[in-house]
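First comes the structure, then the notes that go with it.
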Amino acid sequence: MEFKIQFPDGRQVDFHKLVEFLYGITDSEMNILHLLLSTDEKLSVEDISERLKIAKTSISKPVNILLSKGLIMRDKTEGEGKRRPKYLYYTDKNAVYNKIINDLEAIAKIFCEKYKSHVESVVAK
């Protein structure tokens with residue numbers, strides 16, 4: 001499902017592209033975030049790989065970037081026997097929603113302050 005945001009002049013931008021720009025994430029990172037937001041399950045790298053039809057090796061970097069930006073979370077599960085632990089990735093939909101809203105509101109506030117200061121400096125000349 002496509003969700004577009006319309007600007008006052010009629011131009012539209014896809015919501016996913018706006019989030020990509022807001023957090024500096026790539027299409028592949030957005031695809032992983034969207035997948036995790038679309039499910040109530042905690043997913044392993046194998047699950048993500050299978051559902052998005054991408055190589056397991058191409059998932060590590062994007063999930064680490066999403067983790068560092070606070071957009072996803074992970075739980076560590078113990079591996080069987082001497083196997084390495086396994087990570088399960090997930091999102092808290094409300095937390096992600098609130099993060100996006102709060103970040104957009106903070107940007108709007110900064111923009112308003114900077115723009116007001118700019119206009120006042122131009123008028124004062």
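Residue numbering restarts at 1 in every chain; chains get A, B, ... in the order shown in the structure tokens, and ligands count up from 1 in that same order.
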Please identify which residues in chain A DSSP calls alpha helix (DSSP H) from the backbone, and express them as a PyMOL selection string. chain A and resi 15-23+27-37+45-52+60-68+93-124
Store the residues of this selection in a file with C-alpha atoms, as a compact mmCIF listing (two decimals), in the first residue's frame.
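Output file out12.txt follows:
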```txt
# COMPACT_ATOMS: atom_id res chain seq x y z
CA PHE A 15 5.87 8.29 3.07
CA HIS A 16 8.65 5.69 2.86
CA LYS A 17 10.84 8.15 0.92
CA LEU A 18 10.20 10.79 3.58
CA VAL A 19 11.27 8.38 6.34
CA GLU A 20 14.34 7.38 4.29
CA PHE A 21 15.30 11.05 3.98
CA LEU A 22 14.49 11.84 7.62
CA TYR A 23 16.79 9.11 8.97
CA ASP A 27 15.76 1.45 0.27
CA SER A 28 16.99 -1.90 1.63
CA GLU A 29 16.94 -0.57 5.20
CA MET A 30 13.44 0.81 4.61
CA ASN A 31 12.31 -2.56 3.24
CA ILE A 32 13.50 -4.28 6.42
CA LEU A 33 11.87 -1.63 8.62
CA HIS A 34 8.61 -1.93 6.69
CA LEU A 35 8.68 -5.72 7.00
CA LEU A 36 9.21 -5.53 10.76
CA LEU A 37 6.48 -2.91 11.11
CA VAL A 45 18.02 -12.89 9.75
CA GLU A 46 16.86 -16.08 8.03
CA ASP A 47 13.21 -15.00 8.30
CA ILE A 48 13.98 -11.53 6.92
CA SER A 49 16.04 -13.05 4.11
CA GLU A 50 13.26 -15.44 3.16
CA ARG A 51 10.44 -12.90 3.26
CA LEU A 52 12.30 -10.19 1.35
CA SER A 60 23.55 -7.54 8.86
CA LYS A 61 24.57 -3.99 7.93
CA PRO A 62 21.03 -2.66 7.36
CA VAL A 63 19.70 -4.07 10.66
CA ASN A 64 22.67 -2.60 12.54
CA ILE A 65 21.98 0.81 11.00
CA LEU A 66 18.29 0.56 11.93
CA LEU A 67 19.27 -0.48 15.46
CA SER A 68 21.67 2.47 15.78
CA LYS A 93 4.99 0.14 16.33
CA ASN A 94 3.92 2.80 18.83
CA ALA A 95 7.52 3.69 19.65
CA VAL A 96 8.43 4.05 15.96
CA TYR A 97 5.30 6.14 15.31
CA ASN A 98 6.10 8.40 18.29
CA LYS A 99 9.75 8.70 17.24
CA ILE A 100 8.82 9.80 13.72
CA ILE A 101 6.21 12.29 14.98
CA ASN A 102 8.55 13.70 17.65
CA ASP A 103 11.45 14.01 15.20
CA LEU A 104 9.26 15.76 12.60
CA GLU A 105 7.90 18.14 15.26
CA ALA A 106 11.45 18.92 16.44
CA ILE A 107 12.55 19.62 12.85
CA ALA A 108 9.51 21.87 12.30
CA LYS A 109 10.29 23.80 15.49
CA ILE A 110 13.93 24.30 14.51
CA PHE A 111 12.88 25.34 11.00
CA CYS A 112 10.43 27.92 12.37
CA GLU A 113 13.04 29.38 14.73
CA LYS A 114 15.73 29.56 12.04
CA TYR A 115 13.34 30.98 9.44
CA LYS A 116 12.05 33.62 11.84
CA SER A 117 15.62 34.62 12.70
CA HIS A 118 16.51 34.77 9.01
CA VAL A 119 13.50 36.93 8.14
CA GLU A 120 14.23 39.28 11.04
CA SER A 121 17.85 39.67 9.95
CA VAL A 122 16.79 40.42 6.36
CA VAL A 123 14.19 42.98 7.49
CA ALA A 124 16.72 44.66 9.81
```
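From atom CA of Ser44 of chain A back to atom CA of Asp75 of chain A, the distance works out to 9.7 Å.
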Quick one: everything within 8 Å of Lys42 of chain A, counting only C-alpha atoms, minus sequence neighbours fewer than 3 positions away in the same chain. Send it as a PDB file with N, CA and C atoms, in the first residue's frame.
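Result saved to selection33.pdb:
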```pdb
ATOM      1  N   LEU A  36       9.343  -5.368   9.304  1.00  0.00           N
ATOM      2  CA  LEU A  36       9.212  -5.531  10.756  1.00  0.00           C
ATOM      3  C   LEU A  36       8.002  -4.774  11.304  1.00  0.00           C
ATOM      4  N   LEU A  88      16.863 -11.927  17.215  1.00  0.00           N
ATOM      5  CA  LEU A  88      15.531 -11.753  16.652  1.00  0.00           C
ATOM      6  C   LEU A  88      15.231 -10.255  16.623  1.00  0.00           C
ATOM      7  N   TYR A  89      14.792  -9.767  15.482  1.00  0.00           N
ATOM      8  CA  TYR A  89      14.566  -8.341  15.274  1.00  0.00           C
ATOM      9  C   TYR A  89      13.079  -8.044  15.239  1.00  0.00           C
ATOM     10  N   TYR A  90      12.721  -6.875  15.758  1.00  0.00           N
ATOM     11  CA  TYR A  90      11.310  -6.494  15.824  1.00  0.00           C
ATOM     12  C   TYR A  90      11.190  -4.991  16.016  1.00  0.00           C
TER      13      TYR A  90
END
```
Between atom CA of Lys4 of chain A and atom CA of Thr26 of chain A, what is the spacing in Å? 18.1 Å
One decimal, Å: what's the distance from atom CA of Ile25 of chain A over to atom CA of Leu71 of chain A, could you say? 10.6 Å
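In the backbone-derived DSSP annotation, strand (DSSP E or B) within chain A comprises Lys4, Ile5, Gln6, Gln12, Val13, Asp14, Leu43, Met73, Arg74, Asp75, Lys76, Thr77, Lys86, Tyr87, Leu88, Tyr89 and Tyr90 of chain A.
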Could you take the residues named above and write them with N, CA and C atoms, as a JSON list (two decimals), in the first residue's frame?
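Contents of out.json, as written:
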```json
[["chain", "number", "residue", "atom", "x", "y", "z"],
["A", 4, "LYS", "N", 1.04, 8.57, 0.39],
["A", 4, "LYS", "CA", 1.73, 9.78, -0.06],
["A", 4, "LYS", "C", 1.33, 10.98, 0.79],
["A", 5, "ILE", "N", 2.29, 11.87, 0.95],
["A", 5, "ILE", "CA", 2.05, 13.12, 1.66],
["A", 5, "ILE", "C", 2.06, 14.22, 0.61],
["A", 6, "GLN", "N", 1.05, 15.06, 0.65],
["A", 6, "GLN", "CA", 0.94, 16.11, -0.36],
["A", 6, "GLN", "C", 1.40, 17.44, 0.22],
["A", 12, "GLN", "N", 3.69, 15.47, -4.40],
["A", 12, "GLN", "CA", 3.50, 14.40, -3.42],
["A", 12, "GLN", "C", 4.80, 13.64, -3.23],
["A", 13, "VAL", "N", 4.98, 13.14, -2.02],
["A", 13, "VAL", "CA", 6.13, 12.29, -1.73],
["A", 13, "VAL", "C", 5.62, 11.05, -0.99],
["A", 14, "ASP", "N", 6.18, 9.91, -1.39],
["A", 14, "ASP", "CA", 5.83, 8.66, -0.71],
["A", 14, "ASP", "C", 6.33, 8.72, 0.73],
["A", 43, "LEU", "N", 11.64, -11.49, 14.08],
["A", 43, "LEU", "CA", 12.19, -12.21, 12.94],
["A", 43, "LEU", "C", 13.70, -12.36, 13.02],
["A", 73, "MET", "N", 14.46, -3.06, 17.23],
["A", 73, "MET", "CA", 15.08, -3.62, 18.44],
["A", 73, "MET", "C", 15.45, -5.07, 18.15],
["A", 74, "ARG", "N", 16.22, -5.65, 19.06],
["A", 74, "ARG", "CA", 16.56, -7.06, 18.90],
["A", 74, "ARG", "C", 16.65, -7.73, 20.25],
["A", 75, "ASP", "N", 16.34, -9.02, 20.23],
["A", 75, "ASP", "CA", 16.50, -9.88, 21.39],
["A", 75, "ASP", "C", 17.52, -10.94, 21.04],
["A", 76, "LYS", "N", 18.29, -11.31, 22.02],
["A", 76, "LYS", "CA", 19.30, -12.36, 21.84],
["A", 76, "LYS", "C", 18.75, -13.67, 22.40],
["A", 77, "THR", "N", 18.83, -14.72, 21.59],
["A", 77, "THR", "CA", 18.42, -16.04, 22.04],
["A", 77, "THR", "C", 19.65, -16.94, 22.05],
["A", 86, "LYS", "N", 21.54, -16.37, 18.59],
["A", 86, "LYS", "CA", 20.77, -15.90, 17.44],
["A", 86, "LYS", "C", 20.04, -14.63, 17.87],
["A", 87, "TYR", "N", 19.91, -13.70, 16.95],
["A", 87, "TYR", "CA", 19.19, -12.47, 17.24],
["A", 87, "TYR", "C", 17.85, -12.45, 16.53],
["A", 88, "LEU", "N", 16.86, -11.93, 17.22],
["A", 88, "LEU", "CA", 15.53, -11.75, 16.65],
["A", 88, "LEU", "C", 15.23, -10.25, 16.62],
["A", 89, "TYR", "N", 14.79, -9.77, 15.48],
["A", 89, "TYR", "CA", 14.57, -8.34, 15.27],
["A", 89, "TYR", "C", 13.08, -8.04, 15.24],
["A", 90, "TYR", "N", 12.72, -6.87, 15.76],
["A", 90, "TYR", "CA", 11.31, -6.49, 15.82],
["A", 90, "TYR", "C", 11.19, -4.99, 16.02]]
```
